[in-house]
Amino acid sequence: MPVPLPTARTVNLDPPSVEEVQLLGRGIVAAVTPPAGLTELQATLMDATFAAMTGHTPTPPFDPITPGQLAEGLRTRDEAFRTRIVQVMLLGALVLRPIPPEVTDRVAASARELGVQDDMLEVAQRFAHGSLGLASLDFQRNGYTAEWSGERQSVLHTSQPLADAWDLSVHDPDLAARWAALEELPEATLGRRVADFYRARGFAYPGQPGSAPPLLAQHDWVHVLTDYGTTVESELEVFAFIARANDDPRAFSLLAMVVSLFETGYLRAGAGLFESSPGQLSHHGVAARLADAMRRGARTNGTHDFLAVDWFELAPLTVDEARSRFGVVAKSDGALAAGSVGPWQPGGISAFQWRTGEEQARGEGRAYEPFGAAVL
């Protein structure tokens, strides 16, 4: 029987205490631990997430509690808080390969007792039973892009309607010209920095052959806004930020997607361009970087769907002005020490992107300029 949600009078909106974090740790560990025990990545990711999001870290031993006991302990927490806890469980499950079915069963039981539903639970259950193709379809049916519409497309400025959210638009001269015009903005502006970002990496502007889907191109502005590079590790940071900044629980599917692409490889491709590159989240320090990106997303001033922003309206702002507008806070010292870099730093560009940028510059008869980025 689900524990009822609190009333406006009884709801607890305070940050979690040390005692509540310990309760959450016990409930989450009980849900996501596979038969062989909690994996090193699961433990590292859980510690980093709790430290970043609450300022506290649960400490072992984690005496197991039932889903009902966890839900009872969260009786005064609202639906949004409970949903976030289920999503932390899902994240802990999604980094397992294989996912034991008993893990997804326990996460599902916790969600039922808490009285919340997250559609990514069905994706995790598909993965657990080896139904990878069906799981891929579930991302489209139940995730962030489930309710694709013309209104959502308007901010992309494409000349023709897109039938699917991640559709390409590679023959749209007006769209390409809009992006190319960013090169004429003053150097300190957000739009000019995005143009520099593209030219350094040899990225084709949306509307041109070889370009990314216009919806995916939205996240390139976030790379610049949040100071994240463009290696695969940095993509995990960007999408963690985007997912956590949005109060719509379906945004979590964006983080689930990149984890399934870049850690477990459950997905072969995603977002119309990305290809599987497993094992990235397991690299030293990346879990801490991902957790800090979630913290930064949560600390923005309100809820923001960063893939639905009309970035061209903000292009004339300086980068600092744009950060202030959204309340983007700085990276933590821990994330910086763990290797988080920006697009203009050593390590902020991949070797492939560097070569592509050089080739593009040669083809256009100009000197190659990486704007400070370098390959480690």
# chains A, B, ... in the order shown; residues from 1 in each chain; ligands from 1

call {"tool": "residues_around", "arguments": {"residues": "A:Gly133", "least_positions_apart": "5", "cutoff": "9 Å", "atoms": "only C-alpha atoms", "output": "ChimeraX atom specification"}}
result
/A:126,138,267

call {"tool": "write_last_selection", "arguments": {"atoms": "all heavy atoms", "output": "compact mmCIF listing (two decimals), in the first residue's frame"}}
result
# COMPACT_ATOMS: atom_id res chain seq x y z
N ARG A 126 13.39 -3.67 -19.19
CA ARG A 126 13.69 -4.22 -20.52
C ARG A 126 15.16 -4.64 -20.59
O ARG A 126 15.50 -5.71 -21.08
CB ARG A 126 13.41 -3.18 -21.60
CG ARG A 126 11.98 -2.69 -21.68
CD ARG A 126 11.09 -3.63 -22.43
NE ARG A 126 9.87 -2.96 -22.86
CZ ARG A 126 8.76 -3.58 -23.23
NH1 ARG A 126 8.73 -4.90 -23.22
NH2 ARG A 126 7.70 -2.90 -23.60
N ASP A 138 11.27 2.37 -25.95
CA ASP A 138 10.69 2.98 -24.77
C ASP A 138 11.28 4.36 -24.50
O ASP A 138 10.60 5.24 -23.97
CB ASP A 138 10.90 2.09 -23.55
CG ASP A 138 9.94 0.90 -23.54
OD1 ASP A 138 8.90 0.99 -24.21
OD2 ASP A 138 10.24 -0.10 -22.87
N LEU A 267 22.52 0.90 -25.22
CA LEU A 267 22.06 1.54 -26.45
C LEU A 267 23.21 1.61 -27.43
O LEU A 267 24.33 1.99 -27.07
CB LEU A 267 21.53 2.95 -26.16
CG LEU A 267 20.26 3.07 -25.33
CD1 LEU A 267 19.91 4.54 -25.14
CD2 LEU A 267 19.10 2.34 -25.97

call {"tool": "residues_around", "arguments": {"residues": "A:Gly73", "least_positions_apart": "5", "cutoff": "10 Å", "atoms": "only C-alpha atoms", "output": "PyMOL selection string"}}
result
chain A and resi 3+20+23-24+27+67-68+114

call {"tool": "write_last_selection", "arguments": {"atoms": "N, CA and C atoms", "output": "PDB file, in the first residue's frame"}}
result
ATOM      1  N   VAL A   3       2.492   4.786   0.614  1.00  0.00           N
ATOM      2  CA  VAL A   3       2.397   5.778   1.683  1.00  0.00           C
ATOM      3  C   VAL A   3       1.852   7.060   1.070  1.00  0.00           C
ATOM      4  N   GLU A  20      18.336  11.548   7.714  1.00  0.00           N
ATOM      5  CA  GLU A  20      17.524  11.172   6.560  1.00  0.00           C
ATOM      6  C   GLU A  20      18.401  10.644   5.433  1.00  0.00           C
ATOM      7  N   LEU A  23      19.052   7.101   6.120  1.00  0.00           N
ATOM      8  CA  LEU A  23      17.876   6.306   5.760  1.00  0.00           C
ATOM      9  C   LEU A  23      17.815   6.093   4.252  1.00  0.00           C
ATOM     10  N   LEU A  24      18.045   7.157   3.489  1.00  0.00           N
ATOM     11  CA  LEU A  24      18.015   7.058   2.031  1.00  0.00           C
ATOM     12  C   LEU A  24      19.096   6.105   1.532  1.00  0.00           C
ATOM     13  N   GLY A  27      17.961   2.552   2.076  1.00  0.00           N
ATOM     14  CA  GLY A  27      16.907   2.141   1.157  1.00  0.00           C
ATOM     15  C   GLY A  27      17.412   1.957  -0.264  1.00  0.00           C
ATOM     16  N   PRO A  67      11.148  -1.677   1.056  1.00  0.00           N
ATOM     17  CA  PRO A  67      10.568  -0.524   0.380  1.00  0.00           C
ATOM     18  C   PRO A  67       9.522   0.192   1.237  1.00  0.00           C
ATOM     19  N   GLY A  68       8.750  -0.588   1.990  1.00  0.00           N
ATOM     20  CA  GLY A  68       7.745   0.023   2.850  1.00  0.00           C
ATOM     21  C   GLY A  68       8.347   0.854   3.960  1.00  0.00           C
ATOM     22  N   LEU A 114       6.371   4.263  -2.569  1.00  0.00           N
ATOM     23  CA  LEU A 114       6.495   5.717  -2.502  1.00  0.00           C
ATOM     24  C   LEU A 114       5.366   6.431  -3.253  1.00  0.00           C
TER      25      LEU A 114
END

call {"tool": "residues_around", "arguments": {"residues": "stretch 248-253 of chain A", "least_positions_apart": "4", "cutoff": "10 Å", "atoms": "only C-alpha atoms", "output": "ChimeraX atom specification"}}
result
/A:80,83-84,87-88,90-91,117-120,123,138-140,142-146,239-240,242-244,257-259,303-305

call {"tool": "residues_around", "arguments": {"residues": "A:Phe371", "least_positions_apart": "4", "cutoff": "9 Å", "atoms": "only C-alpha atoms", "output": "PyMOL selection string"}}
result
chain A and resi 196-197+200+343-345

call {"tool": "residues_around", "arguments": {"residues": "A:Thr57", "least_positions_apart": "5", "cutoff": "10 Å", "atoms": "only C-alpha atoms", "output": "ChimeraX atom specification"}}
result
/A:18,21-22,25,46-52

call {"tool": "select_by_dssp", "arguments": {"residues": "stretch 127-162 of chain A", "states": "alpha helix (DSSP H)", "output": "MDAnalysis selection string"}}
result
chainID A and resid 127:128 132:142 150:153

call {"tool": "write_last_selection", "arguments": {"atoms": "N, CA, C and O atoms", "output": "PDB file, in the first residue's frame"}}
result
ATOM      1  N   PHE A 127      16.041  -3.762 -20.117  1.00  0.00           N
ATOM      2  CA  PHE A 127      17.461  -4.086 -20.116  1.00  0.00           C
ATOM      3  C   PHE A 127      17.714  -5.363 -19.312  1.00  0.00           C
ATOM      4  O   PHE A 127      18.498  -6.226 -19.723  1.00  0.00           O
ATOM      5  N   ALA A 128      17.077  -5.452 -18.151  1.00  0.00           N
ATOM      6  CA  ALA A 128      17.299  -6.596 -17.271  1.00  0.00           C
ATOM      7  C   ALA A 128      16.900  -7.903 -17.931  1.00  0.00           C
ATOM      8  O   ALA A 128      17.481  -8.960 -17.641  1.00  0.00           O
ATOM      9  N   LEU A 132      16.753  -5.249 -25.540  1.00  0.00           N
ATOM     10  CA  LEU A 132      17.398  -3.975 -25.791  1.00  0.00           C
ATOM     11  C   LEU A 132      16.675  -3.157 -26.861  1.00  0.00           C
ATOM     12  O   LEU A 132      16.594  -1.931 -26.770  1.00  0.00           O
ATOM     13  N   GLY A 133      16.155  -3.835 -27.877  1.00  0.00           N
ATOM     14  CA  GLY A 133      15.424  -3.126 -28.922  1.00  0.00           C
ATOM     15  C   GLY A 133      14.166  -2.473 -28.379  1.00  0.00           C
ATOM     16  O   GLY A 133      13.869  -1.317 -28.705  1.00  0.00           O
ATOM     17  N   LEU A 134      13.426  -3.192 -27.544  1.00  0.00           N
ATOM     18  CA  LEU A 134      12.222  -2.623 -26.947  1.00  0.00           C
ATOM     19  C   LEU A 134      12.564  -1.473 -26.005  1.00  0.00           C
ATOM     20  O   LEU A 134      11.840  -0.478 -25.934  1.00  0.00           O
ATOM     21  N   ALA A 135      13.684  -1.610 -25.299  1.00  0.00           N
ATOM     22  CA  ALA A 135      14.110  -0.529 -24.411  1.00  0.00           C
ATOM     23  C   ALA A 135      14.399   0.732 -25.204  1.00  0.00           C
ATOM     24  O   ALA A 135      14.059   1.846 -24.788  1.00  0.00           O
ATOM     25  N   SER A 136      15.029   0.572 -26.367  1.00  0.00           N
ATOM     26  CA  SER A 136      15.320   1.727 -27.215  1.00  0.00           C
ATOM     27  C   SER A 136      14.036   2.420 -27.647  1.00  0.00           C
ATOM     28  O   SER A 136      13.944   3.659 -27.657  1.00  0.00           O
ATOM     29  N   LEU A 137      13.023   1.644 -27.983  1.00  0.00           N
ATOM     30  CA  LEU A 137      11.726   2.224 -28.346  1.00  0.00           C
ATOM     31  C   LEU A 137      11.088   2.932 -27.162  1.00  0.00           C
ATOM     32  O   LEU A 137      10.451   3.976 -27.318  1.00  0.00           O
ATOM     33  N   ASP A 138      11.275   2.367 -25.955  1.00  0.00           N
ATOM     34  CA  ASP A 138      10.692   2.984 -24.765  1.00  0.00           C
ATOM     35  C   ASP A 138      11.284   4.363 -24.499  1.00  0.00           C
ATOM     36  O   ASP A 138      10.601   5.244 -23.965  1.00  0.00           O
ATOM     37  N   PHE A 139      12.554   4.556 -24.836  1.00  0.00           N
ATOM     38  CA  PHE A 139      13.138   5.884 -24.675  1.00  0.00           C
ATOM     39  C   PHE A 139      12.362   6.898 -25.512  1.00  0.00           C
ATOM     40  O   PHE A 139      12.141   8.034 -25.088  1.00  0.00           O
ATOM     41  N   GLN A 140      11.948   6.505 -26.715  1.00  0.00           N
ATOM     42  CA  GLN A 140      11.207   7.411 -27.590  1.00  0.00           C
ATOM     43  C   GLN A 140       9.767   7.580 -27.128  1.00  0.00           C
ATOM     44  O   GLN A 140       9.215   8.689 -27.149  1.00  0.00           O
ATOM     45  N   ARG A 141       9.144   6.474 -26.697  1.00  0.00           N
ATOM     46  CA  ARG A 141       7.724   6.522 -26.329  1.00  0.00           C
ATOM     47  C   ARG A 141       7.486   7.199 -24.985  1.00  0.00           C
ATOM     48  O   ARG A 141       6.459   7.866 -24.801  1.00  0.00           O
ATOM     49  N   ASN A 142       8.410   7.015 -24.049  1.00  0.00           N
ATOM     50  CA  ASN A 142       8.152   7.427 -22.679  1.00  0.00           C
ATOM     51  C   ASN A 142       9.106   8.491 -22.142  1.00  0.00           C
ATOM     52  O   ASN A 142       8.911   8.980 -21.031  1.00  0.00           O
ATOM     53  N   GLY A 150       4.977  20.777 -32.796  1.00  0.00           N
ATOM     54  CA  GLY A 150       5.426  21.926 -33.554  1.00  0.00           C
ATOM     55  C   GLY A 150       5.827  23.087 -32.668  1.00  0.00           C
ATOM     56  O   GLY A 150       6.757  23.841 -32.986  1.00  0.00           O
ATOM     57  N   GLU A 151       5.128  23.246 -31.540  1.00  0.00           N
ATOM     58  CA  GLU A 151       5.466  24.332 -30.624  1.00  0.00           C
ATOM     59  C   GLU A 151       6.880  24.144 -30.064  1.00  0.00           C
ATOM     60  O   GLU A 151       7.650  25.102 -29.937  1.00  0.00           O
ATOM     61  N   ARG A 152       7.220  22.917 -29.744  1.00  0.00           N
ATOM     62  CA  ARG A 152       8.553  22.651 -29.206  1.00  0.00           C
ATOM     63  C   ARG A 152       9.616  22.832 -30.289  1.00  0.00           C
ATOM     64  O   ARG A 152      10.756  23.158 -29.992  1.00  0.00           O
ATOM     65  N   GLN A 153       9.217  22.637 -31.541  1.00  0.00           N
ATOM     66  CA  GLN A 153      10.178  22.750 -32.632  1.00  0.00           C
ATOM     67  C   GLN A 153      10.494  24.195 -32.971  1.00  0.00           C
ATOM     68  O   GLN A 153      11.539  24.491 -33.560  1.00  0.00           O
TER      69      GLN A 153
END

call {"tool": "closest_residue", "arguments": {"among": "A:Gly363, A:Pro98, A:Pro214, A:Pro16", "to": "A:Pro161", "atoms": "only C-alpha atoms"}}
result
A:Pro214

call {"tool": "closest_residue", "arguments": {"among": "A:Asp310, A:Ile28, A:Asp14, A:Gly55", "to": "A:Ala108", "atoms": "only C-alpha atoms"}}
result
A:Ile28

call {"tool": "residues_around", "arguments": {"residues": "A:Gly191", "least_positions_apart": "5", "cutoff": "7 Å", "atoms": "only C-alpha atoms", "output": "ChimeraX atom specification"}}
result
/A:182,185,315-316

call {"tool": "atom_distance", "arguments": {"atom1": "atom CA of A:Leu175", "atom2": "atom CA of A:Gln208"}}
result
8.4 Å

call {"tool": "residues_around", "arguments": {"residues": "stretch 32-45 of chain A", "least_positions_apart": "4", "cutoff": "8 Å", "atoms": "only C-alpha atoms", "output": "PyMOL selection string"}}
result
chain A and resi 28+49+89+92-93+95+99-100+102-104+106-107+282+287-288+291

call {"tool": "write_last_selection", "arguments": {"atoms": "N, CA, C and O atoms", "output": "PDB file, in the first residue's frame"}}
result
ATOM      1  N   ILE A  28      18.294   2.855  -0.697  1.00  0.00           N
ATOM      2  CA  ILE A  28      18.808   2.766  -2.067  1.00  0.00           C
ATOM      3  C   ILE A  28      19.731   1.573  -2.220  1.00  0.00           C
ATOM      4  O   ILE A  28      19.640   0.814  -3.197  1.00  0.00           O
ATOM      5  N   THR A  49      26.921  11.389  -5.459  1.00  0.00           N
ATOM      6  CA  THR A  49      25.607  12.015  -5.644  1.00  0.00           C
ATOM      7  C   THR A  49      25.085  12.585  -4.341  1.00  0.00           C
ATOM      8  O   THR A  49      24.608  13.729  -4.290  1.00  0.00           O
ATOM      9  N   MET A  89      17.871   5.542  -7.560  1.00  0.00           N
ATOM     10  CA  MET A  89      17.875   4.080  -7.630  1.00  0.00           C
ATOM     11  C   MET A  89      18.058   3.601  -9.064  1.00  0.00           C
ATOM     12  O   MET A  89      18.846   2.695  -9.341  1.00  0.00           O
ATOM     13  N   GLY A  92      21.523   3.928 -10.197  1.00  0.00           N
ATOM     14  CA  GLY A  92      22.329   2.852  -9.631  1.00  0.00           C
ATOM     15  C   GLY A  92      22.116   1.525 -10.324  1.00  0.00           C
ATOM     16  O   GLY A  92      23.041   0.701 -10.410  1.00  0.00           O
ATOM     17  N   ALA A  93      20.911   1.301 -10.828  1.00  0.00           N
ATOM     18  CA  ALA A  93      20.626   0.056 -11.553  1.00  0.00           C
ATOM     19  C   ALA A  93      21.158   0.113 -12.978  1.00  0.00           C
ATOM     20  O   ALA A  93      21.692  -0.875 -13.498  1.00  0.00           O
ATOM     21  N   VAL A  95      23.737   1.417 -14.245  1.00  0.00           N
ATOM     22  CA  VAL A  95      25.181   1.262 -14.450  1.00  0.00           C
ATOM     23  C   VAL A  95      25.623  -0.201 -14.331  1.00  0.00           C
ATOM     24  O   VAL A  95      26.810  -0.492 -14.480  1.00  0.00           O
ATOM     25  N   ILE A  99      21.886  -6.181 -15.670  1.00  0.00           N
ATOM     26  CA  ILE A  99      21.053  -5.775 -14.542  1.00  0.00           C
ATOM     27  C   ILE A  99      20.283  -7.003 -14.071  1.00  0.00           C
ATOM     28  O   ILE A  99      19.456  -7.535 -14.826  1.00  0.00           O
ATOM     29  N   PRO A 100      20.525  -7.489 -12.863  1.00  0.00           N
ATOM     30  CA  PRO A 100      19.736  -8.619 -12.372  1.00  0.00           C
ATOM     31  C   PRO A 100      18.266  -8.235 -12.264  1.00  0.00           C
ATOM     32  O   PRO A 100      17.941  -7.156 -11.754  1.00  0.00           O
ATOM     33  N   GLU A 102      16.111  -9.044 -10.228  1.00  0.00           N
ATOM     34  CA  GLU A 102      15.685  -8.770  -8.861  1.00  0.00           C
ATOM     35  C   GLU A 102      15.983  -7.326  -8.458  1.00  0.00           C
ATOM     36  O   GLU A 102      15.297  -6.762  -7.598  1.00  0.00           O
ATOM     37  N   VAL A 103      16.983  -6.713  -9.087  1.00  0.00           N
ATOM     38  CA  VAL A 103      17.270  -5.309  -8.792  1.00  0.00           C
ATOM     39  C   VAL A 103      16.140  -4.422  -9.301  1.00  0.00           C
ATOM     40  O   VAL A 103      15.629  -3.565  -8.572  1.00  0.00           O
ATOM     41  N   THR A 104      15.738  -4.611 -10.539  1.00  0.00           N
ATOM     42  CA  THR A 104      14.643  -3.778 -11.056  1.00  0.00           C
ATOM     43  C   THR A 104      13.337  -4.081 -10.337  1.00  0.00           C
ATOM     44  O   THR A 104      12.505  -3.186 -10.170  1.00  0.00           O
ATOM     45  N   ARG A 106      13.094  -4.757  -7.149  1.00  0.00           N
ATOM     46  CA  ARG A 106      13.141  -4.028  -5.875  1.00  0.00           C
ATOM     47  C   ARG A 106      12.961  -2.526  -6.095  1.00  0.00           C
ATOM     48  O   ARG A 106      12.318  -1.850  -5.292  1.00  0.00           O
ATOM     49  N   VAL A 107      13.525  -2.001  -7.172  1.00  0.00           N
ATOM     50  CA  VAL A 107      13.321  -0.579  -7.479  1.00  0.00           C
ATOM     51  C   VAL A 107      11.837  -0.321  -7.763  1.00  0.00           C
ATOM     52  O   VAL A 107      11.271   0.679  -7.300  1.00  0.00           O
ATOM     53  N   SER A 282      32.962   4.888 -15.709  1.00  0.00           N
ATOM     54  CA  SER A 282      33.857   4.156 -14.814  1.00  0.00           C
ATOM     55  C   SER A 282      35.249   4.770 -14.739  1.00  0.00           C
ATOM     56  O   SER A 282      36.044   4.389 -13.875  1.00  0.00           O
ATOM     57  N   ALA A 287      32.445   9.912 -12.062  1.00  0.00           N
ATOM     58  CA  ALA A 287      31.237   9.867 -11.229  1.00  0.00           C
ATOM     59  C   ALA A 287      31.102  11.146 -10.409  1.00  0.00           C
ATOM     60  O   ALA A 287      30.003  11.707 -10.272  1.00  0.00           O
ATOM     61  N   ALA A 288      32.207  11.628  -9.864  1.00  0.00           N
ATOM     62  CA  ALA A 288      32.177  12.875  -9.091  1.00  0.00           C
ATOM     63  C   ALA A 288      31.820  14.051  -9.995  1.00  0.00           C
ATOM     64  O   ALA A 288      31.091  14.964  -9.582  1.00  0.00           O
ATOM     65  N   ALA A 291      28.067  13.892 -10.719  1.00  0.00           N
ATOM     66  CA  ALA A 291      27.286  14.309  -9.556  1.00  0.00           C
ATOM     67  C   ALA A 291      27.324  15.827  -9.386  1.00  0.00           C
ATOM     68  O   ALA A 291      26.309  16.458  -9.058  1.00  0.00           O
TER      69      ALA A 291
END

call {"tool": "atom_distance", "arguments": {"atom1": "atom CA of A:Ala269", "atom2": "atom CA of A:Val238"}}
result
17.5 Å
